[in-house]
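protein_14.cif follows (mmCIF, C-alpha atoms):
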```cif
data_structure
#
loop_
_atom_site.label_atom_id
_atom_site.label_comp_id
_atom_site.auth_asym_id
_atom_site.auth_seq_id
_atom_site.Cartn_x
_atom_site.Cartn_y
_atom_site.Cartn_z
CA MET A 1 155.39 268.47 140.26
CA MET A 2 152.28 269.19 142.25
CA ALA A 3 150.26 267.04 139.94
CA ALA A 4 152.61 264.10 140.52
CA ARG A 5 152.27 264.48 144.28
CA PHE A 6 148.52 264.51 143.98
CA LEU A 7 148.63 261.50 141.75
CA ARG A 8 150.68 259.55 144.23
CA ARG A 9 148.32 260.42 147.05
CA SER A 10 145.31 259.34 145.12
CA LEU A 11 146.92 256.15 143.82
CA PRO A 12 145.81 253.65 146.46
CA VAL A 13 142.36 253.59 145.02
CA LEU A 14 140.50 250.34 145.07
CA ARG A 15 140.73 248.81 141.68
CA GLN A 16 137.26 247.62 140.93
CA ALA A 17 137.71 244.13 139.67
CA ARG A 18 135.25 243.19 137.01
CA CYS A 19 133.71 239.80 137.38
CA TYR A 20 130.46 237.95 136.97
CA ALA A 21 127.34 239.28 138.62
CA ASP A 22 127.28 238.73 142.36
CA ALA A 23 125.00 236.20 143.86
CA PRO A 24 121.92 237.85 145.36
CA SER A 25 123.21 239.71 148.34
CA GLY A 26 121.49 239.84 151.65
CA SER A 27 121.04 237.10 154.16
CA ALA A 28 121.55 233.62 152.95
CA GLN A 29 119.36 232.83 155.89
CA MET A 30 115.88 233.77 156.65
CA SER A 31 114.89 235.48 159.85
CA PHE A 32 111.85 233.42 160.75
CA THR A 33 109.29 234.64 163.26
CA PHE A 34 106.44 232.26 164.06
CA ALA A 35 104.01 233.35 166.74
CA SER A 36 100.45 233.09 167.93
CA PRO A 37 98.86 235.75 170.15
CA THR A 38 99.74 233.75 173.25
CA GLN A 39 102.94 232.02 172.35
CA VAL A 40 106.10 232.54 170.37
CA TYR A 41 107.59 229.50 168.67
CA PHE A 42 110.36 231.08 166.63
CA LYS A 43 111.65 234.59 166.97
CA GLU A 44 113.93 235.80 164.18
CA ALA A 45 115.40 232.34 164.04
CA SER A 46 117.40 230.96 161.21
CA VAL A 47 115.80 227.93 159.60
CA LYS A 48 116.28 226.11 156.34
CA GLN A 49 112.76 225.83 155.04
CA VAL A 50 109.16 226.34 156.08
CA ASP A 51 106.15 224.64 154.48
CA VAL A 52 102.89 226.51 154.88
CA PRO A 53 99.29 225.76 153.88
CA THR A 54 97.67 228.82 152.32
CA LEU A 55 94.35 229.61 150.73
CA THR A 56 95.97 229.38 147.32
CA GLY A 57 97.78 226.14 148.04
CA ALA A 58 100.66 224.80 150.08
CA PHE A 59 104.13 226.03 149.37
CA GLY A 60 107.58 225.88 150.85
CA ILE A 61 109.63 228.92 151.65
CA LEU A 62 113.40 228.92 151.40
CA PRO A 63 115.74 231.82 152.13
CA ALA A 64 115.64 234.46 149.40
CA HIS A 65 112.11 233.51 148.43
CA VAL A 66 110.35 236.12 146.36
CA PRO A 67 108.43 238.55 148.61
CA THR A 68 104.78 237.72 149.04
CA LEU A 69 101.79 237.95 151.33
CA GLN A 70 99.53 235.02 151.92
CA VAL A 71 96.66 234.01 154.16
CA LEU A 72 96.78 230.66 155.92
CA ARG A 73 94.15 227.96 155.98
CA PRO A 74 93.78 225.27 158.65
CA GLY A 75 96.63 222.87 158.18
CA VAL A 76 100.09 221.79 159.13
CA VAL A 77 103.15 224.04 159.12
CA THR A 78 106.44 222.18 158.90
CA VAL A 79 109.62 223.92 159.95
CA PHE A 80 112.92 222.43 158.80
CA ASN A 81 115.63 223.56 161.17
CA ASP A 82 119.23 224.19 160.22
CA ASP A 83 120.28 220.90 161.75
CA GLY A 84 117.90 218.93 159.59
CA SER A 85 115.17 218.13 162.09
CA ALA A 86 111.60 219.05 161.27
CA THR A 87 108.89 220.20 163.64
CA LYS A 88 105.23 220.27 162.74
CA PHE A 89 102.58 222.63 164.02
CA PHE A 90 98.88 222.86 163.38
CA VAL A 91 97.64 226.35 162.55
CA SER A 92 94.03 227.41 162.38
CA SER A 93 94.42 230.55 160.30
CA GLY A 94 96.60 233.58 160.02
CA SER A 95 98.93 235.30 157.64
CA ILE A 96 102.43 234.93 156.31
CA THR A 97 104.67 237.70 155.05
CA VAL A 98 107.88 237.16 153.12
CA ASN A 99 109.82 240.40 152.83
CA ALA A 100 112.53 241.42 150.43
CA ASP A 101 115.25 241.04 153.03
CA SER A 102 114.37 237.38 153.48
CA SER A 103 112.54 237.84 156.75
CA VAL A 104 109.44 235.75 157.19
CA GLN A 105 106.67 236.51 159.65
CA LEU A 106 104.21 233.70 160.18
CA LEU A 107 101.40 234.94 162.42
CA ALA A 108 98.86 232.31 163.31
CA GLU A 109 95.65 232.93 165.12
CA GLU A 110 96.07 229.62 166.92
CA ALA A 111 99.02 227.30 166.61
CA PHE A 112 99.90 224.12 168.45
CA PRO A 113 102.52 221.43 168.07
CA LEU A 114 100.89 218.35 166.61
CA ASP A 115 101.51 216.21 169.67
CA GLN A 116 99.24 218.44 171.71
CA LEU A 117 96.22 217.55 169.61
CA ASP A 118 93.94 214.57 170.26
CA VAL A 119 92.69 212.77 167.16
CA ALA A 120 89.68 211.23 168.92
CA ALA A 121 88.43 214.61 170.10
CA ALA A 122 88.98 216.01 166.61
CA LYS A 123 86.92 213.21 165.03
CA ALA A 124 84.13 213.73 167.55
CA ASN A 125 84.12 217.47 166.83
CA LEU A 126 84.08 216.81 163.11
CA GLU A 127 81.01 214.58 163.36
CA LYS A 128 79.24 217.10 165.52
CA ALA A 129 80.04 219.87 163.06
CA GLN A 130 78.84 217.84 160.13
CA SER A 131 75.52 217.19 161.83
CA GLU A 132 75.22 220.88 162.64
CA MET A 133 75.69 221.67 158.98
CA VAL A 134 72.42 219.99 158.19
CA SER A 135 70.55 222.08 160.70
CA ALA A 136 72.32 225.37 160.00
CA SER A 137 69.82 227.97 158.96
CA ASP A 138 71.32 231.18 157.61
CA GLU A 139 74.45 232.10 155.70
CA ALA A 140 76.47 233.22 158.69
CA ALA A 141 75.73 230.11 160.72
CA ARG A 142 76.50 227.94 157.72
CA ALA A 143 79.82 229.70 157.20
CA GLU A 144 80.75 229.18 160.83
CA VAL A 145 79.94 225.50 160.70
CA GLN A 146 81.89 225.18 157.46
CA ILE A 147 84.93 226.71 159.14
CA ASN A 148 84.49 224.27 162.00
CA ILE A 149 84.35 221.35 159.57
CA ASP A 150 87.40 222.53 157.63
CA ALA A 151 89.49 222.94 160.74
CA ASN A 152 88.52 219.58 162.20
CA GLU A 153 89.07 217.79 158.89
CA ALA A 154 92.52 219.29 158.67
CA ILE A 155 93.36 218.22 162.22
CA VAL A 156 92.21 214.66 161.57
CA LYS A 157 94.16 214.53 158.32
CA ALA A 158 97.26 215.89 159.99
CA LEU A 159 97.19 213.42 162.83
CA GLU A 160 96.70 210.35 160.70
CA MET B 1 58.22 288.22 224.65
CA PHE B 2 58.72 287.28 221.08
CA ALA B 3 61.78 289.48 220.81
CA ARG B 4 63.34 287.74 223.80
CA THR B 5 62.93 284.24 222.40
CA SER B 6 64.25 285.21 219.03
CA ALA B 7 67.24 286.87 220.66
CA LEU B 8 67.97 283.63 222.48
CA VAL B 9 67.84 281.57 219.32
CA PHE B 10 69.85 283.80 217.05
CA LEU B 11 73.46 283.96 218.19
CA PRO B 12 75.50 286.09 215.81
CA GLN B 13 78.99 284.70 215.47
CA CYS B 14 81.26 287.53 214.57
CA GLY B 15 84.55 286.32 213.27
CA GLN B 16 85.68 282.73 213.13
CA VAL B 17 85.18 280.68 216.23
CA ARG B 18 87.20 277.49 216.01
CA ASN B 19 86.50 274.76 218.45
CA MET B 20 89.47 272.60 219.17
CA ALA B 21 88.95 269.22 217.57
CA THR B 22 87.58 266.97 220.22
CA LEU B 23 89.01 263.55 220.85
CA LYS B 24 85.96 262.02 219.26
CA ASP B 25 86.44 263.90 215.97
CA ILE B 26 90.05 262.84 215.74
CA THR B 27 89.17 259.23 216.52
CA ILE B 28 86.58 259.18 213.75
CA ARG B 29 89.00 260.65 211.25
CA LEU B 30 91.75 258.25 212.26
CA LYS B 31 89.49 255.25 211.84
CA SER B 32 88.33 256.30 208.39
CA ILE B 33 91.87 256.97 207.15
CA LYS B 34 93.01 253.60 208.47
CA ASN B 35 90.21 251.94 206.51
CA ILE B 36 91.19 253.81 203.39
CA GLN B 37 94.77 252.69 203.83
CA LYS B 38 93.68 249.07 204.10
CA ILE B 39 91.68 249.41 200.91
CA THR B 40 94.48 251.04 198.94
CA LYS B 41 96.97 248.44 200.17
CA SER B 42 94.76 245.60 199.01
CA MET B 43 94.13 247.31 195.68
CA LYS B 44 97.88 247.57 195.27
CA MET B 45 98.29 243.82 195.88
CA VAL B 46 95.58 243.01 193.38
CA ALA B 47 97.09 245.34 190.81
CA ALA B 48 100.52 243.79 191.41
CA ALA B 49 99.17 240.29 190.75
CA LYS B 50 97.34 241.42 187.61
CA TYR B 51 100.42 243.29 186.45
CA ALA B 52 102.62 240.20 186.82
CA ARG B 53 100.21 238.21 184.68
CA ALA B 54 99.83 240.96 182.10
CA GLU B 55 103.58 241.35 181.73
CA ARG B 56 104.00 237.64 181.21
CA GLN B 57 101.39 237.65 178.46
CA LEU B 58 102.93 240.74 176.95
CA LYS B 59 106.12 239.01 175.88
CA PRO B 60 104.64 236.81 173.16
CA ALA B 61 102.13 239.51 172.28
CA ARG B 62 104.99 241.91 171.58
CA VAL B 63 106.69 239.53 169.17
CA TYR B 64 103.33 238.96 167.54
CA GLY B 65 102.49 242.65 167.28
CA ASN B 66 105.91 243.57 165.93
CA GLY B 67 105.63 240.80 163.38
CA ALA B 68 102.29 242.18 162.27
CA GLY B 69 103.72 245.64 161.76
CA ALA B 70 106.80 244.35 159.96
CA LEU B 71 105.19 244.54 156.54
CA TYR B 72 104.31 248.20 156.99
CA GLU B 73 107.82 249.03 158.09
CA LYS B 74 109.74 247.01 155.56
CA ALA B 75 107.63 248.00 152.61
CA GLU B 76 107.49 251.57 153.93
CA ILE B 77 103.84 251.89 153.21
CA LYS B 78 102.39 255.34 153.53
CA ALA B 79 99.25 256.96 152.31
CA PRO B 80 99.56 259.38 149.39
CA GLU B 81 100.46 262.81 150.70
CA GLY B 82 98.39 265.87 150.02
CA VAL B 83 95.21 264.03 149.21
CA ALA B 84 92.31 264.62 151.60
CA ASN B 85 92.62 261.42 153.50
CA LYS B 86 90.14 259.99 155.89
CA HIS B 87 91.77 259.12 159.15
CA LEU B 88 90.76 256.72 161.85
CA LEU B 89 92.09 256.86 165.39
CA ILE B 90 91.62 253.93 167.72
CA GLY B 91 92.25 254.92 171.33
CA VAL B 92 92.91 252.02 173.65
CA SER B 93 92.28 252.43 177.35
CA SER B 94 89.96 250.82 179.87
CA ASP B 95 86.85 251.26 182.01
CA ARG B 96 88.40 251.55 185.43
CA GLY B 97 89.98 254.49 187.13
CA LEU B 98 92.43 255.00 189.97
CA CYS B 99 95.32 254.28 187.65
CA GLY B 100 97.11 257.57 187.39
CA ALA B 101 97.28 259.43 184.12
CA VAL B 102 96.73 256.45 181.83
CA HIS B 103 93.40 257.53 180.36
CA SER B 104 94.16 261.22 180.17
CA ASN B 105 97.42 260.56 178.32
CA VAL B 106 95.67 258.68 175.55
CA ALA B 107 92.91 261.31 175.44
CA LYS B 108 95.47 264.09 175.19
CA ALA B 109 97.25 262.36 172.32
CA ILE B 110 93.94 261.85 170.50
CA LYS B 111 92.89 265.45 170.98
CA ALA B 112 96.24 266.69 169.71
CA LYS B 113 96.00 264.50 166.63
CA ILE B 114 92.43 265.59 165.93
CA ALA B 115 93.48 269.23 166.16
CA ASN B 116 96.37 268.55 163.78
CA LEU B 117 94.34 266.70 161.22
CA THR B 118 91.35 269.03 161.19
CA GLY B 119 93.79 271.90 160.89
CA GLU B 120 95.06 270.29 157.70
CA GLY B 121 91.53 269.81 156.49
CA LYS B 122 91.40 266.04 156.81
CA GLU B 123 88.47 264.07 158.06
CA VAL B 124 88.96 262.05 161.20
CA MET B 125 86.87 259.70 163.32
CA VAL B 126 87.69 258.09 166.63
CA VAL B 127 87.00 254.64 167.97
CA ASN B 128 87.51 254.28 171.66
CA VAL B 129 88.03 251.13 173.58
CA GLY B 130 87.21 251.81 177.20
CA ASP B 131 84.57 253.83 178.97
CA LYS B 132 86.91 256.25 180.67
CA LEU B 133 88.16 257.45 177.32
CA ARG B 134 84.61 257.98 176.14
CA ASN B 135 83.84 260.10 179.20
CA ILE B 136 86.82 262.32 178.57
CA LEU B 137 86.29 262.72 174.85
CA GLN B 138 82.54 263.01 174.75
CA ARG B 139 82.33 266.45 176.23
CA THR B 140 84.51 268.26 173.73
CA HIS B 141 85.00 265.87 170.82
CA GLY B 142 81.75 263.96 170.87
CA SER B 143 81.11 264.49 167.19
CA TYR B 144 84.21 262.54 166.24
CA LEU B 145 83.26 259.39 168.10
CA LEU B 146 82.46 256.57 165.75
CA LEU B 147 82.34 253.58 168.07
CA SER B 148 82.72 252.99 171.77
CA CYS B 149 83.58 249.75 173.52
CA LYS B 150 82.75 248.90 177.11
CA GLU B 151 83.64 246.14 179.56
CA VAL B 152 87.34 246.56 178.95
CA GLY B 153 89.75 246.06 181.79
CA ARG B 154 88.03 243.62 184.05
CA LYS B 155 89.62 240.55 182.54
CA PRO B 156 92.84 240.34 180.56
CA PRO B 157 92.19 241.08 176.88
CA THR B 158 92.18 238.20 174.41
CA PHE B 159 92.54 237.93 170.68
CA THR B 160 88.78 237.41 170.50
CA ASP B 161 88.19 240.82 172.07
CA ALA B 162 90.41 242.46 169.49
CA SER B 163 88.63 240.66 166.67
CA ILE B 164 85.23 241.78 167.99
CA VAL B 165 86.41 245.39 167.98
CA ALA B 166 87.80 245.05 164.47
CA THR B 167 84.63 243.38 163.15
CA GLU B 168 82.37 246.08 164.54
CA LEU B 169 84.68 248.76 163.23
CA LEU B 170 84.70 247.32 159.74
CA ASN B 171 80.95 246.86 159.82
CA MET B 172 80.46 250.54 160.57
CA GLY B 173 81.41 251.20 157.01
CA TYR B 174 83.69 254.16 157.56
CA GLU B 175 86.07 254.08 154.62
CA PHE B 176 89.28 255.28 156.14
CA ASP B 177 92.57 255.55 154.25
CA GLN B 178 94.96 255.40 157.12
CA GLY B 179 94.96 255.68 160.85
CA ALA B 180 96.64 254.77 164.06
CA VAL B 181 96.07 252.80 167.21
CA ILE B 182 96.94 255.02 170.18
CA TYR B 183 97.89 253.17 173.32
CA ASN B 184 100.23 253.33 176.28
CA ARG B 185 103.39 251.41 175.56
CA PHE B 186 104.77 249.66 178.60
CA ARG B 187 108.39 250.53 179.31
CA SER B 188 108.93 249.49 182.90
CA VAL B 189 107.09 249.14 186.19
CA ILE B 190 107.30 252.83 186.83
CA SER B 191 107.11 254.20 183.33
CA TYR B 192 104.96 253.96 180.24
CA LYS B 193 104.70 256.13 177.19
CA THR B 194 101.85 256.97 174.87
CA ASP B 195 102.62 255.56 171.46
CA GLU B 196 100.90 254.79 168.20
CA LYS B 197 100.97 252.08 165.61
CA PRO B 198 99.85 252.77 162.04
CA ILE B 199 97.00 251.05 160.26
CA PHE B 200 96.17 251.33 156.60
CA SER B 201 93.24 250.51 154.42
CA ILE B 202 93.33 247.87 151.72
CA ASP B 203 93.49 250.44 148.91
CA THR B 204 96.35 252.36 150.48
CA VAL B 205 98.39 249.21 150.83
CA ALA B 206 97.57 247.99 147.34
CA ASN B 207 98.50 251.28 145.75
CA SER B 208 101.64 251.85 147.74
CA GLU B 209 104.80 251.93 145.66
CA ASN B 210 106.75 249.11 147.19
CA MET B 211 103.93 246.62 146.98
CA GLY B 212 105.01 245.71 143.50
CA ILE B 213 107.79 243.51 144.77
CA TYR B 214 105.29 241.32 146.56
CA ASP B 215 104.32 238.62 144.22
CA ASP B 216 101.11 236.76 143.62
CA ILE B 217 98.67 238.92 145.54
CA ASP B 218 95.06 239.21 144.60
CA ALA B 219 92.38 241.44 146.12
CA ASP B 220 90.84 238.71 148.24
CA VAL B 221 94.10 237.67 149.83
CA LEU B 222 95.00 241.28 150.49
CA ARG B 223 91.66 241.98 152.13
CA ASN B 224 91.98 238.98 154.44
CA TYR B 225 95.54 239.91 155.21
CA GLN B 226 94.64 243.49 156.02
CA GLU B 227 91.75 242.55 158.28
CA PHE B 228 94.00 240.15 160.15
CA ALA B 229 96.68 242.82 160.46
CA LEU B 230 94.11 245.24 161.89
CA VAL B 231 93.08 242.74 164.56
CA ASN B 232 96.73 242.08 165.37
CA THR B 233 97.49 245.76 165.85
CA ILE B 234 94.46 246.25 168.08
CA TYR B 235 95.42 243.16 170.08
CA PHE B 236 98.94 244.47 170.54
CA GLY B 237 97.61 247.85 171.69
CA LEU B 238 95.25 246.16 174.15
CA LYS B 239 97.99 244.03 175.69
CA GLU B 240 100.44 246.90 176.11
CA SER B 241 97.69 249.12 177.45
CA THR B 242 96.61 246.64 180.12
CA THR B 243 100.15 246.17 181.35
CA SER B 244 100.73 249.91 181.57
CA GLU B 245 97.40 250.40 183.32
CA GLN B 246 98.06 247.77 185.97
CA SER B 247 101.54 249.06 186.68
CA ALA B 248 100.18 252.62 186.92
CA ARG B 249 97.46 251.49 189.30
CA MET B 250 100.02 249.70 191.44
CA THR B 251 102.12 252.87 191.67
CA ALA B 252 99.08 255.06 192.35
CA MET B 253 97.75 252.84 195.11
CA ASP B 254 101.22 252.58 196.59
CA SER B 255 101.56 256.35 196.89
CA ALA B 256 98.00 256.59 198.21
CA SER B 257 98.86 254.11 200.97
CA LYS B 258 102.01 256.06 201.79
CA ASN B 259 100.07 259.32 201.99
CA ALA B 260 97.50 257.66 204.20
CA SER B 261 100.16 256.40 206.62
CA GLU B 262 101.65 259.90 206.79
CA MET B 263 98.26 261.30 207.66
CA ILE B 264 97.77 258.57 210.24
CA ASP B 265 101.09 259.42 211.88
CA LYS B 266 100.27 263.11 212.06
CA LEU B 267 96.79 262.49 213.37
CA THR B 268 98.07 260.06 216.01
CA LEU B 269 100.41 262.74 217.30
CA THR B 270 97.58 265.26 217.38
CA PHE B 271 95.39 262.71 219.13
CA ASN B 272 97.99 262.11 221.83
CA ARG B 273 98.54 265.81 222.35
CA THR B 274 94.81 266.42 222.62
CA ARG B 275 94.42 263.54 225.03
CA GLN B 276 97.18 264.90 227.25
CA ALA B 277 95.65 268.38 227.10
CA VAL B 278 92.29 267.03 228.21
CA ILE B 279 93.88 265.16 231.12
CA THR B 280 95.85 268.23 232.15
CA LYS B 281 92.69 270.35 232.03
CA GLU B 282 90.84 267.93 234.25
CA LEU B 283 93.72 267.81 236.71
CA ILE B 284 93.85 271.61 236.85
CA GLU B 285 90.12 271.75 237.50
CA ILE B 286 90.36 269.19 240.28
CA ILE B 287 93.36 270.84 241.89
CA SER B 288 91.96 274.35 241.66
CA GLY B 289 88.65 273.05 242.95
CA ALA B 290 90.40 271.39 245.86
CA ALA B 291 92.49 274.51 246.48
CA ALA B 292 89.30 276.60 246.53
CA LEU B 293 87.78 274.36 249.17
CA THR B 294 90.67 274.35 251.57
#
```
Once you've parsed the file, please lay out its structure as structure tokens.
Amino acid sequence: MMAARFLRRSLPVLRQARCYADAPSGSAQMSFTFASPTQVYFKEASVKQVDVPTLTGAFGILPAHVPTLQVLRPGVVTVFNDDGSATKFFVSSGSITVNADSSVQLLAEEAFPLDQLDVAAAKANLEKAQSEMVSASDEAARAEVQINIDANEAIVKALE
Amino acid sequence: MFARTSALVFLPQCGQVRNMATLKDITIRLKSIKNIQKITKSMKMVAAAKYARAERQLKPARVYGNGAGALYEKAEIKAPEGVANKHLLIGVSSDRGLCGAVHSNVAKAIKAKIANLTGEGKEVMVVNVGDKLRNILQRTHGSYLLLSCKEVGRKPPTFTDASIVATELLNMGYEFDQGAVIYNRFRSVISYKTDEKPIFSIDTVANSENMGIYDDIDADVLRNYQEFALVNTIYFGLKESTTSEQSARMTAMDSASKNASEMIDKLTLTFNRTRQAVITKELIEIISGAAALT
């Protein structure tokens, strides 16, 4: 008698339905933070895709990308918003973190929208840097000039 | 003869003889306090302007700094417990005073942490950014100072400043396992709190358990990433610290000006009373003189 009463009370138990494996849980969107020390472009925004240039190559990041850490090289970052439009930014260097919960932090040392850059000034800087390369004396100076050249080349390539 | 002259010169004053402050003394004091009040008022205006700018720059810096620390939080990176770790504390402050308890708060936090860590037998070194911090720490904890940075606080800190600090620190060659940046976190115009953000070495991060889920990482990438993260944390600490310092200076100068005006009020009353007493005395002398004649 008592057992029956207990049984009835415990009856409305959720019946675990068995089905195929669930799709990977967690946000189907990525929480995208893109900032430079002086300006924030995206803060925990939801975007469709981000293309980044890294030291090991350029790759695109979609929501639920495998977690990774990468270091950026001078180049163009393209952000594809949810509504389909794409915005491009030039970054000089920095880092990108993709975490397991689909949050992406893109921290750039310097980042500017492409329309704020002047291709003529970039070309002039590139030529100056290339001539400095010839006269650079020691390793450190040569490395600095090389960085200068890389950055300016990337700007010119991005703007053309 | 000699005894007489010496008796004239030496006047023993038994007990305290207080002369009433003459009008001239009070005038001098009043003038100097009024000058001080002008100075503190102008310092408050300057601090208010600098604070407004610092707070504006803090907004993006906060997003940036929090983004930099996100990896450490999400991957829950911590150094292996129990092992004799080498710690590194970076105290962020500035060179200039008259800003309340900003410097002493950071120094207190550093001293407490040093006491904790040496009690547990761990090795610790301190990097300080800002002369005031060095002055406070050098007397008692001078042996722990690894690196000291000057010329902080005159102009708003930039990313370049943070990268200079990080470069020098890494060049010193102190192989730390983990550490913290200790700074004053800005809460509001009237309040700030001493806080810390963790930093880790490349090995600690690489060997941490959750790092396995991060794909495609080689040593070079990790080293670059870590160095960048270090600069970001220092930059974040610098920005928060400046904002707290300017708001503290504004409050301090404000209360100094208020105190000065209180003193001015009191002294003005005393001045008027003294002036009236002097006039009354002169009148009495004249009247009694005239009465004596008639």
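Note that atom CA of Ala48 of chain B and atom CA of Leu98 of chain B are 13.9 Å apart.
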Exercise for review: Identify all residues satisfying the PyMOL selection byres ((chain B and resi 29-45) around 12) in the given file; provide them as a PyMOL selection string.
Suggested key: chain B and resi 21-28+46-52+97-99+246-271
**Study point:** Result set of the PyMOL selection byres ((chain B and resi 103) around 12) on the coordinates above, as a PyMOL selection string
**Key:** chain B and resi 91-102+104-110+128-137+182-184+193-194+241-242+244-245+248-249
Counting all atoms listed in the file, which residues in chain B sit no more than 9 Å from chain A? For each one, give the nearest pair of atoms and the distance in Å, sorted by chain then residue number, as a tab-separated table.
```
residue	atom	partner	partner_atom	distance
B:Gln57	CA	A:Thr38	CA	6.7
B:Leu58	CA	A:Thr38	CA	8.5
B:Lys59	CA	A:Gln39	CA	8.5
B:Pro60	CA	A:Gln39	CA	5.1
B:Ala61	CA	A:Pro37	CA	5.4
B:Arg62	CA	A:Pro37	CA	8.8
B:Val63	CA	A:Val40	CA	7.1
B:Tyr64	CA	A:Ala35	CA	5.7
B:Gly65	CA	A:Pro37	CA	8.3
B:Gly67	CA	A:Gln105	CA	5.8
B:Ala68	CA	A:Leu107	CA	7.3
B:Ala70	CA	A:Gln105	CA	7.8
B:Leu71	CA	A:Thr97	CA	7.0
B:Lys74	CA	A:Asn99	CA	7.2
B:Ala75	CA	A:Asn99	CA	7.9
B:Thr158	CA	A:Pro37	CA	8.3
B:Phe159	CA	A:Pro37	CA	6.7
B:Ile213	CA	A:Pro67	CA	6.3
B:Tyr214	CA	A:Thr68	CA	4.4
B:Asp215	CA	A:Thr68	CA	4.9
B:Asp216	CA	A:Thr68	CA	6.6
B:Ile217	CA	A:Leu69	CA	6.6
B:Val221	CA	A:Val71	CA	6.2
B:Leu222	CA	A:Leu69	CA	7.6
B:Asn224	CA	A:Val71	CA	6.8
B:Tyr225	CA	A:Val71	CA	6.1
B:Phe228	CA	A:Gly94	CA	7.1
B:Ala229	CA	A:Ser95	CA	8.3
B:Asn232	CA	A:Pro37	CA	8.2
B:Tyr235	CA	A:Pro37	CA	8.2
B:Phe236	CA	A:Pro37	CA	8.7
```
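Shell of Leu145 of chain B at 9 Å, with all atoms listed in the file counted and residues fewer than 3 places along the chain excluded, is B:Met125, B:Val126, B:Val127, B:Asn128, B:Arg134, B:Leu137, B:Gln138, B:His141, B:Gly142, B:Ser148.
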Create the file for the chosen residues now, containing C-alpha atoms and written as an mmCIF file, in the coordinates of the input.
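Contents of the output file again.cif:
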```cif
data_model
loop_
_atom_site.group_PDB
_atom_site.id
_atom_site.type_symbol
_atom_site.label_atom_id
_atom_site.label_comp_id
_atom_site.auth_asym_id
_atom_site.auth_seq_id
_atom_site.Cartn_x
_atom_site.Cartn_y
_atom_site.Cartn_z
ATOM 1 C CA MET B 125 86.870 259.700 163.320
ATOM 2 C CA VAL B 126 87.690 258.090 166.630
ATOM 3 C CA VAL B 127 87.000 254.640 167.970
ATOM 4 C CA ASN B 128 87.510 254.280 171.660
ATOM 5 C CA ARG B 134 84.610 257.980 176.140
ATOM 6 C CA LEU B 137 86.290 262.720 174.850
ATOM 7 C CA GLN B 138 82.540 263.010 174.750
ATOM 8 C CA HIS B 141 85.000 265.870 170.820
ATOM 9 C CA GLY B 142 81.750 263.960 170.870
ATOM 10 C CA SER B 148 82.720 252.990 171.770
#
```
Review point. Quick one: distance from atom CA of Leu88 of chain B to atom CA of Ile114 of chain B in Å, one decimal?
Key: 9.9 Å
Point to revise | atom CA of Ala158 of chain A to atom CA of Asp51 of chain A, distance in Å rounded to a single decimal | key: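 For atom CA of Ala158 of chain A relative to atom CA of Asp51 of chain A, the distance reads 13.6 Å.
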Review point. Which neighbours of Pro53 of chain A fall inside 9 Å, counting all atoms listed in the file, when residues of the same chain fewer than 5 positions from it are skipped, and could you give them as a PyMOL selection string?
Key: chain A and resi 58-60+71-77+91
Any chance you can output those residues with C-alpha atoms as a short mmCIF file (atom, residue, chain, number, x, y, z; two decimals), in the frame of the given file?
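Final file, part39.cif:
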```
data_model
loop_
_atom_site.label_atom_id
_atom_site.label_comp_id
_atom_site.auth_asym_id
_atom_site.auth_seq_id
_atom_site.Cartn_x
_atom_site.Cartn_y
_atom_site.Cartn_z
CA ALA A 58 100.66 224.80 150.08
CA PHE A 59 104.13 226.03 149.37
CA GLY A 60 107.58 225.88 150.85
CA VAL A 71 96.66 234.01 154.16
CA LEU A 72 96.78 230.66 155.92
CA ARG A 73 94.15 227.96 155.98
CA PRO A 74 93.78 225.27 158.65
CA GLY A 75 96.63 222.87 158.18
CA VAL A 76 100.09 221.79 159.13
CA VAL A 77 103.15 224.04 159.12
CA VAL A 91 97.64 226.35 162.55
#
```
**Study point:** Residue among A:Phe32, A:Val52, A:Phe89, A:Glu132 lying closest to Asp115 of chain A, counting all atoms listed in the file
**Key:**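 Result for the nearest residue to Asp115 of chain A: A:Phe89.
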Point to revise | Residues in the PyMOL selection byres ((chain A and resi 112) around 6), expressed as number ranges by chain | key: A: 89-90, 111, 113
Could you write out that same residue set with C-alpha atoms as a JSON list (two decimals), in the frame of the given file?
```json
[["chain", "number", "residue", "atom", "x", "y", "z"],
["A", 89, "PHE", "CA", 102.58, 222.63, 164.02],
["A", 90, "PHE", "CA", 98.88, 222.86, 163.38],
["A", 111, "ALA", "CA", 99.02, 227.30, 166.61],
["A", 113, "PRO", "CA", 102.52, 221.43, 168.07]]
```
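The residue that comes closest to Tyr174 of chain B, out of B:Gly289, B:Ala79, B:Ser201, B:Leu230 and on the basis of all atoms listed in the file, is B:Ser201.
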Each side padded by 4 Å, which centre and which edge lengths in Å (one decimal) define the axis-aligned box around the listed atoms of segment 221-232 of chain B? Give them as lines of an AutoDock Vina configuration file.
```
center_x = 94.2
center_y = 241.5
center_z = 157.6
size_x = 13.1
size_y = 15.6
size_z = 23.5
```
**Study point:** Selection: 12 Å around Ser131 of chain A, all atoms listed in the file, excl. self and same-chain fewer than 4 positions, as number ranges by chain
**Key:** A: 124-127, 135-136, 142, 145-146, 148-149
